[in-house]
$ cat query_23.tsv   # TSV, C-alpha atoms and all ligand atoms
chain	number	residue	atom	x	y	z
A	1	MET	CA	65.28	197.76	90.81
A	2	ALA	CA	63.04	199.15	93.60
A	3	ALA	CA	65.00	200.99	96.31
A	4	SER	CA	64.87	199.25	99.70
A	5	GLY	CA	61.59	199.91	101.47
A	6	GLU	CA	59.79	200.84	98.26
A	7	PRO	CA	57.18	198.27	97.17
A	8	LYS	CA	58.53	196.44	94.11
A	9	LYS	CA	56.43	197.43	91.08
A	10	LYS	CA	54.69	194.38	89.54
A	11	SER	CA	54.57	195.86	86.06
A	12	GLU	CA	56.19	198.61	84.10
A	13	LEU	CA	55.49	200.19	80.74
A	14	ARG	CA	58.41	201.45	78.70
A	15	ILE	CA	57.54	203.41	75.54
A	16	PHE	CA	60.30	204.17	73.03
A	17	GLU	CA	60.53	206.74	70.24
A	18	SER	CA	62.24	204.25	67.94
A	19	LEU	CA	62.80	200.53	67.47
A	20	ASP	CA	66.53	201.13	67.82
A	21	GLU	CA	66.01	202.61	71.29
A	22	LEU	CA	63.67	199.77	72.21
A	23	ALA	CA	66.24	197.20	71.04
A	24	THR	CA	69.03	198.97	72.96
A	25	GLU	CA	67.03	198.99	76.19
A	26	LEU	CA	65.84	195.42	75.69
A	27	ALA	CA	69.42	194.21	75.34
A	28	GLU	CA	70.47	196.05	78.52
A	29	TYR	CA	67.42	194.69	80.40
A	30	ILE	CA	68.20	191.09	79.37
A	31	ALA	CA	71.93	191.47	80.13
A	32	GLN	CA	71.14	192.85	83.60
A	33	LEU	CA	68.74	189.99	84.39
A	34	SER	CA	71.31	187.51	83.15
A	35	GLU	CA	73.96	188.99	85.46
A	36	ILE	CA	71.60	188.95	88.47
A	37	SER	CA	70.45	185.37	87.81
A	38	VAL	CA	73.99	184.05	87.26
A	39	LYS	CA	75.10	185.76	90.48
A	40	GLU	CA	72.12	184.46	92.49
A	41	ARG	CA	71.56	181.02	90.92
A	42	GLY	CA	74.64	180.25	88.86
A	43	CYS	CA	72.62	180.16	85.64
A	44	PHE	CA	70.10	182.10	83.53
A	45	THR	CA	67.02	180.41	82.09
A	46	ILE	CA	65.34	182.31	79.28
A	47	ALA	CA	62.34	181.32	77.16
A	48	LEU	CA	61.89	183.02	73.79
A	49	SER	CA	58.99	183.60	71.42
A	50	GLY	CA	59.01	183.86	67.67
A	51	GLY	CA	58.26	186.75	65.32
A	52	SER	CA	59.89	190.17	65.32
A	53	LEU	CA	61.17	189.69	68.88
A	54	ILE	CA	64.30	187.84	67.70
A	55	GLY	CA	65.36	190.74	65.49
A	56	LEU	CA	64.89	193.10	68.42
A	57	MET	CA	67.36	190.99	70.46
A	58	GLY	CA	70.09	191.61	67.88
A	59	LYS	CA	71.97	194.14	70.01
A	60	LEU	CA	72.79	191.39	72.49
A	61	CYS	CA	75.09	189.93	69.83
A	62	GLU	CA	77.06	193.20	69.67
A	63	ALA	CA	79.53	194.96	71.95
A	64	PRO	CA	79.56	195.15	74.90
A	65	TYR	CA	77.18	192.22	75.51
A	66	ASN	CA	78.87	189.74	73.20
A	67	LYS	CA	81.88	189.93	75.55
A	68	THR	CA	80.29	190.82	78.91
A	69	VAL	CA	77.38	188.37	79.12
A	70	ASP	CA	78.33	184.99	80.60
A	71	TRP	CA	76.75	183.01	77.75
A	72	THR	CA	77.95	179.65	79.10
A	73	LYS	CA	75.49	180.04	81.97
A	74	TRP	CA	72.49	180.56	79.65
A	75	TYR	CA	69.81	177.87	79.16
A	76	VAL	CA	67.51	178.65	76.22
A	77	PHE	CA	63.91	177.47	75.76
A	78	TRP	CA	60.94	178.48	73.63
A	79	ALA	CA	57.69	179.75	75.13
A	80	ASP	CA	56.11	178.43	71.96
A	81	GLU	CA	57.26	176.62	68.86
A	82	ARG	CA	55.69	175.62	65.61
A	83	ALA	CA	55.43	171.85	65.00
A	84	VAL	CA	57.54	171.95	61.86
A	85	ALA	CA	61.03	170.67	61.03
A	86	LYS	CA	63.73	172.65	62.81
A	87	ASN	CA	65.18	173.70	59.46
A	88	HIS	CA	61.80	174.90	58.20
A	89	VAL	CA	61.40	178.64	57.57
A	90	ASP	CA	58.46	178.67	60.04
A	91	SER	CA	60.53	177.19	62.89
A	92	ASN	CA	61.15	179.55	65.81
A	93	TYR	CA	64.27	177.49	66.52
A	94	LYS	CA	65.60	178.16	62.99
A	95	GLN	CA	64.75	181.87	63.22
A	96	THR	CA	66.46	182.14	66.63
A	97	LYS	CA	69.50	180.10	65.51
A	98	ASP	CA	70.00	182.19	62.39
A	99	GLY	CA	69.33	185.53	64.07
A	100	PHE	CA	70.81	185.04	67.53
A	101	LEU	CA	72.16	181.67	68.69
A	102	SER	CA	74.68	181.45	65.84
A	103	LYS	CA	76.19	184.77	66.95
A	104	VAL	CA	76.74	184.15	70.68
A	105	SER	CA	78.57	181.37	72.55
A	106	ILE	CA	75.67	179.59	74.25
A	107	LEU	CA	76.43	175.88	74.69
A	108	ASN	CA	74.47	173.67	72.29
A	109	SER	CA	73.68	171.34	75.19
A	110	HIS	CA	71.96	174.27	76.91
A	111	ILE	CA	69.58	174.91	74.02
A	112	TYR	CA	66.28	173.05	74.46
A	113	SER	CA	64.31	172.84	71.21
A	114	ILE	CA	61.40	170.53	70.51
A	115	ASN	CA	61.58	167.05	68.99
A	116	ASP	CA	60.47	167.69	65.41
A	117	ASN	CA	60.16	163.98	64.58
A	118	VAL	CA	57.02	163.26	66.63
A	119	THR	CA	53.41	164.44	66.72
A	120	VAL	CA	52.73	167.89	68.14
A	121	GLU	CA	51.08	166.21	71.17
A	122	ASP	CA	54.17	164.09	71.85
A	123	ALA	CA	56.46	167.07	71.23
A	124	ALA	CA	54.59	169.01	73.94
A	125	GLY	CA	54.84	166.06	76.36
A	126	GLU	CA	58.53	165.55	75.70
A	127	TYR	CA	59.24	169.27	76.08
A	128	GLU	CA	57.45	169.36	79.41
A	129	PHE	CA	59.38	166.25	80.54
A	130	ALA	CA	62.70	167.93	79.67
A	131	ILE	CA	61.70	171.01	81.68
A	132	ARG	CA	60.64	168.84	84.63
A	133	GLN	CA	64.10	167.24	84.69
A	134	LEU	CA	65.73	170.67	84.84
A	135	VAL	CA	63.39	171.78	87.62
A	136	LYS	CA	64.36	168.64	89.58
A	137	ILE	CA	68.03	169.66	89.51
A	138	ARG	CA	67.10	173.32	90.02
A	139	ILE	CA	68.62	174.61	86.80
A	140	ILE	CA	65.13	175.98	86.32
A	141	GLY	CA	63.74	177.45	89.53
A	142	VAL	CA	60.40	176.45	90.96
A	143	SER	CA	57.50	178.64	92.04
A	144	GLU	CA	56.77	178.42	95.78
A	145	ILE	CA	53.12	179.18	94.98
A	146	ASN	CA	52.23	176.39	92.55
A	147	ASP	CA	55.28	174.17	91.84
A	148	CYS	CA	55.41	175.54	88.28
A	149	PRO	CA	58.82	176.11	86.68
A	150	LYS	CA	60.11	179.60	87.47
A	151	PHE	CA	62.05	180.80	84.42
A	152	ASP	CA	64.33	183.75	85.07
A	153	LEU	CA	62.94	185.50	81.99
A	154	ILE	CA	60.19	184.77	79.49
A	155	LEU	CA	60.22	187.01	76.39
A	156	LEU	CA	56.83	187.33	74.68
A	157	GLY	CA	55.79	189.00	71.46
A	158	LEU	CA	52.25	190.33	71.04
A	159	GLY	CA	49.91	189.39	68.22
A	160	SER	CA	47.57	192.06	66.80
A	161	ASP	CA	44.74	189.90	68.21
A	162	GLY	CA	46.32	190.04	71.66
A	163	HIS	CA	47.83	186.54	71.64
A	164	VAL	CA	51.10	185.76	73.40
A	165	ALA	CA	53.22	182.66	72.77
A	166	SER	CA	50.66	180.41	71.05
A	167	LEU	CA	47.84	181.28	73.45
A	168	PHE	CA	45.14	182.79	71.26
A	169	PRO	CA	41.95	184.64	72.30
A	170	GLN	CA	39.11	182.37	73.45
A	171	HIS	CA	41.26	179.26	72.81
A	172	PRO	CA	40.79	176.33	75.26
A	173	ALA	CA	44.59	176.25	75.74
A	174	LEU	CA	44.11	179.40	77.88
A	175	GLU	CA	42.23	177.25	80.41
A	176	GLN	CA	45.08	174.76	80.81
A	177	LYS	CA	46.06	174.83	84.47
A	178	ASP	CA	47.79	171.47	85.02
A	179	GLU	CA	50.08	171.06	82.05
A	180	TRP	CA	53.18	173.19	81.75
A	181	VAL	CA	53.38	172.74	78.00
A	182	THR	CA	50.32	172.17	75.86
A	183	PHE	CA	49.67	171.95	72.13
A	184	ILE	CA	47.23	173.38	69.62
A	185	THR	CA	46.33	172.14	66.15
A	186	ASN	CA	44.21	175.08	64.97
A	187	SER	CA	46.35	178.18	65.41
A	188	PRO	CA	44.66	181.17	63.77
A	189	LYS	CA	48.19	182.29	62.93
A	190	PRO	CA	49.84	179.76	60.58
A	191	PRO	CA	51.24	177.21	60.90
A	192	PRO	CA	48.33	175.51	62.68
A	193	GLU	CA	50.20	173.06	64.92
A	194	ARG	CA	52.19	174.49	67.83
A	195	ILE	CA	53.35	173.76	71.34
A	196	THR	CA	53.10	176.51	73.93
A	197	PHE	CA	53.78	177.27	77.57
A	198	THR	CA	50.53	177.52	79.50
A	199	LEU	CA	49.52	180.64	81.42
A	200	PRO	CA	50.50	179.23	84.86
A	201	VAL	CA	54.07	178.74	83.59
A	202	ILE	CA	54.22	182.22	82.03
A	203	ASN	CA	52.84	183.77	85.22
A	204	SER	CA	55.32	181.85	87.41
A	205	ALA	CA	58.33	183.49	85.75
A	206	SER	CA	60.58	185.80	87.77
A	207	ASN	CA	60.48	188.24	84.88
A	208	VAL	CA	58.29	188.56	81.78
A	209	ALA	CA	59.00	191.05	79.01
A	210	LEU	CA	56.19	191.71	76.53
A	211	VAL	CA	57.53	193.34	73.37
A	212	ALA	CA	55.23	195.04	70.85
A	213	SER	CA	56.02	197.37	67.99
A	214	GLY	CA	54.02	198.91	65.16
A	215	GLU	CA	50.62	200.51	64.67
A	216	ASP	CA	48.98	197.13	64.10
A	217	LYS	CA	49.58	196.21	67.75
A	218	ALA	CA	48.18	199.46	69.20
A	219	THR	CA	44.64	198.20	69.84
A	220	ALA	CA	45.88	194.97	71.44
A	221	VAL	CA	48.27	196.98	73.64
A	222	HIS	CA	45.40	199.23	74.73
A	223	HIS	CA	43.13	196.26	75.50
A	224	ALA	CA	45.90	194.52	77.38
A	225	ILE	CA	47.05	197.45	79.50
A	226	ALA	CA	44.34	200.10	79.90
A	227	ASP	CA	42.09	199.90	82.94
A	228	GLY	CA	38.37	199.42	82.59
A	229	ILE	CA	38.59	197.53	79.31
A	230	ASP	CA	37.37	194.25	80.80
A	231	GLY	CA	33.86	195.67	81.03
A	232	LEU	CA	33.81	196.05	77.25
A	233	ASP	CA	34.97	192.55	76.54
A	234	ALA	CA	33.92	189.55	78.65
A	235	SER	CA	36.98	187.54	77.69
A	236	PRO	CA	40.17	189.45	78.38
A	237	LEU	CA	42.95	189.15	75.82
A	238	PRO	CA	45.67	186.56	76.52
A	239	ALA	CA	48.17	189.44	76.85
A	240	ARG	CA	46.00	190.92	79.62
A	241	MET	CA	46.16	187.57	81.44
A	242	VAL	CA	49.95	187.82	81.69
A	243	GLN	CA	50.26	188.87	85.33
A	244	PRO	CA	53.25	187.23	87.02
A	245	THR	CA	52.21	186.03	90.49
A	246	ASP	CA	55.63	186.56	92.06
A	247	GLY	CA	57.56	188.26	89.30
A	248	LYS	CA	57.73	191.43	87.27
A	249	LEU	CA	56.19	192.25	83.88
A	250	VAL	CA	57.84	194.90	81.73
A	251	TRP	CA	56.23	196.08	78.48
A	252	PHE	CA	58.61	197.28	75.77
A	253	ILE	CA	56.61	199.14	73.13
A	254	ASP	CA	57.37	201.74	70.49
A	255	LYS	CA	55.34	204.91	69.95
A	256	PRO	CA	53.18	203.49	67.12
A	257	ALA	CA	52.20	200.54	69.35
A	258	ALA	CA	51.33	203.05	72.12
A	259	SER	CA	49.24	205.27	69.84
A	260	VAL	CA	45.80	204.09	71.06
A	261	LEU	CA	47.01	204.07	74.65
A	262	ASP	CA	48.27	207.66	74.22
A	263	ALA	CA	45.02	208.73	72.59
A	264	GLY	CA	43.08	207.46	75.61
A	265	ASN	CA	45.44	208.87	78.17
A	266	ASN	CA	45.30	212.62	78.71
A	267	ASP	CA	46.94	212.84	82.10
A	268	SER	CA	50.42	214.27	82.49
A	269	GLN	CA	51.95	210.83	83.09
A	270	HIS	CA	52.68	210.27	79.42
A	271	VAL	CA	55.72	212.46	79.20
A	272	GLU	CA	56.89	212.82	75.59
A	273	CYS	CA	60.35	211.26	75.83
A	274	SER	CA	62.31	208.39	74.36
A	275	ARG	CA	61.32	206.22	77.25
A	276	THR	CA	58.29	206.58	79.48
A	277	SER	CA	58.44	204.30	82.45
A	278	LEU	CA	55.09	203.98	84.17
A	279	ALA	CA	53.88	201.60	86.82
A	280	ILE	CA	50.78	200.17	85.09
A	281	ARG	CA	49.20	198.00	87.77
B	301	LIG	O1	55.46	181.64	67.29
B	301	LIG	C1	54.85	182.70	67.23
B	301	LIG	O2	54.10	183.02	66.30
B	301	LIG	C2	55.14	183.71	68.28
B	301	LIG	O3	55.64	183.24	69.42
B	301	LIG	C3	54.01	184.68	68.47
B	301	LIG	O4	53.49	184.72	69.77
B	301	LIG	C4	54.61	186.02	68.13
B	301	LIG	O5	55.53	186.41	69.17
B	301	LIG	C5	53.53	187.06	67.97
B	301	LIG	O6	52.63	186.59	66.98
B	301	LIG	C6	54.12	188.41	67.54
B	301	LIG	O7	54.79	188.22	66.31
B	301	LIG	P1	55.32	189.55	65.52
B	301	LIG	O8	56.13	190.32	66.54
B	301	LIG	O9	56.17	189.01	64.42
B	301	LIG	O10	54.10	190.29	65.07

$ encode --input "query_23.tsv" --output "structure tokens"
Amino acid sequence: MAASGEPKKKSELRIFESLDELATELAEYIAQLSEISVKERGCFTIALSGGSLIGLMGKLCEAPYNKTVDWTKWYVFWADERAVAKNHVDSNYKQTKDGFLSKVSILNSHIYSINDNVTVEDAAGEYEFAIRQLVKIRIIGVSEINDCPKFDLILLGLGSDGHVASLFPQHPALEQKDEWVTFITNSPKPPPERITFTLPVINSASNVALVASGEDKATAVHHAIADGIDGLDASPLPARMVQPTDGKLVWFIDKPAASVLDAGNNDSQHVECSRTSLAIR
């Protein structure tokens, strides 16, 4: 946290030598935010993404966090979800339940998954309605800037094309400004039908963590983080559009995912260490 008097950094880049170190730091980061939110608001609202992110959260299920985190105060949501049955292998809910929720004592009534018995359009509308009810009773905070829900933490993965949640490059869903949850039926990443938080909701979060690992994400990381890229590409990547208005963005990436960034960066800032913490905006 910024010392008093120091301007709070809006974004931070943490580069890790190994996935194990990234996972260790990610667990500590989430546990700390949980403790702060529970202390300040009496609860912790976290929205998850699918993909490799869930595996990287595994350390939260181990000591000390399994005993020190106040799981009963957690409220779990999904920043995006595939419109498939909740027991389908493609379901983010199923992946999260098997890999995380089944191992910690979060209350079932605090886990908000989509209705998998309706159309993807109705599932998005119902999900937004559920979030609106929780904003009304202030379980979910509210942004003073635009009345959007203010989640304590939104965890995003990064696609190799630069997508986050189910917001894909050049997709009209990126333009959604009024809805909190929208839906797509033509996802370039299968399955095609998904619901997703819109950018205003993502950018209203108190904290956003963007997690990327592996060489195949290196170009997307570079295009999302490096300065001066916009000139090369009229439409910035969705990941580059993640800029919390009154919150903090922290990137968690491993060395392979930083390899293009490193190649383009020859100043002394990139200290070779297990964790490089740079202010990036
Ligand atoms: O439902 C989804 O598909 C995810 O939410 C998606 O945004 C994912 O996080 C990225 O595609 C990264 O996935 P990997 O980390 O598995 O590459």

$ atom_distance --input "query_23.tsv" --atom1 "CA of Ser52 in chain A" --atom2 "atom C4 of ligand LIG 301 (chain B)"
7.3 Å

$ residues_around --input "query_23.tsv" --residues "Leu210 in chain A" --least-positions-apart "3" --cutoff "7 Å" --atoms "all atoms listed in the file" --output "ChimeraX atom specification"
/A:155-158,250-252

$ atom_distance --input "query_23.tsv" --atom1 "CA of Ala47 in chain A" --atom2 "CA of Ala257 in chain A"
23.1 Å

$ residues_around --input "query_23.tsv" --residues "Glu128 in chain A" --least-positions-apart "5" --cutoff "9 Å" --atoms "only C-alpha atoms" --output "list in words"
Ala123, Gln133, Glu179, Trp180, Val181, Thr182 and Phe197 of chain A

$ closest_residue --input "query_23.tsv" --among "A:Asp161, A:Glu62, A:Asp152, A:Asp90" --to "Pro244 in chain A" --atoms "all atoms listed in the file"
A:Asp152

$ residues_near_ligand --input "query_23.tsv" --ligand "ligand LIG 301 (chain B)" --cutoff "10 Å" --atoms "all atoms listed in the file" --output "PyMOL selection string"
chain A and resi 48-56+78-82+90-93+155-168+187-191+194-196+210-214+216-217

$ atom_distance --input "query_23.tsv" --atom1 "CA of Asp147 in chain A" --atom2 "CA of Ser206 in chain A"
13.4 Å

$ residues_near_point --input "query_23.tsv" --point "(54.7, 179.0, 88.4)" --cutoff "8 Å" --atoms "only C-alpha atoms" --output "PyMOL selection string"
chain A and resi 142-150+200-205+245

$ residues_around --input "query_23.tsv" --residues "Glu17 in chain A" --least-positions-apart "2" --cutoff "7 Å" --atoms "only C-alpha atoms" --output "PyMOL selection string"
chain A and resi 15+21+254-255+274

$ residues_around --input "query_23.tsv" --residues "range 29-44 of chain A" --least-positions-apart "3" --cutoff "7 Å" --atoms "all atoms listed in the file" --output "MDAnalysis selection string"
chainID A and resid 25:26 69 73:75 139 152

$ residues_around --input "query_23.tsv" --residues "Pro64 in chain A" --least-positions-apart "5" --cutoff "12 Å" --atoms "only C-alpha atoms" --output "ChimeraX atom specification"
/A:24,27-28,31,59,69-70

$ closest_residue --input "query_23.tsv" --among "A:Ile106, A:Ile253, A:Tyr127, A:Val120" --to "Glu193 in chain A" --atoms "all atoms listed in the file"
A:Val120
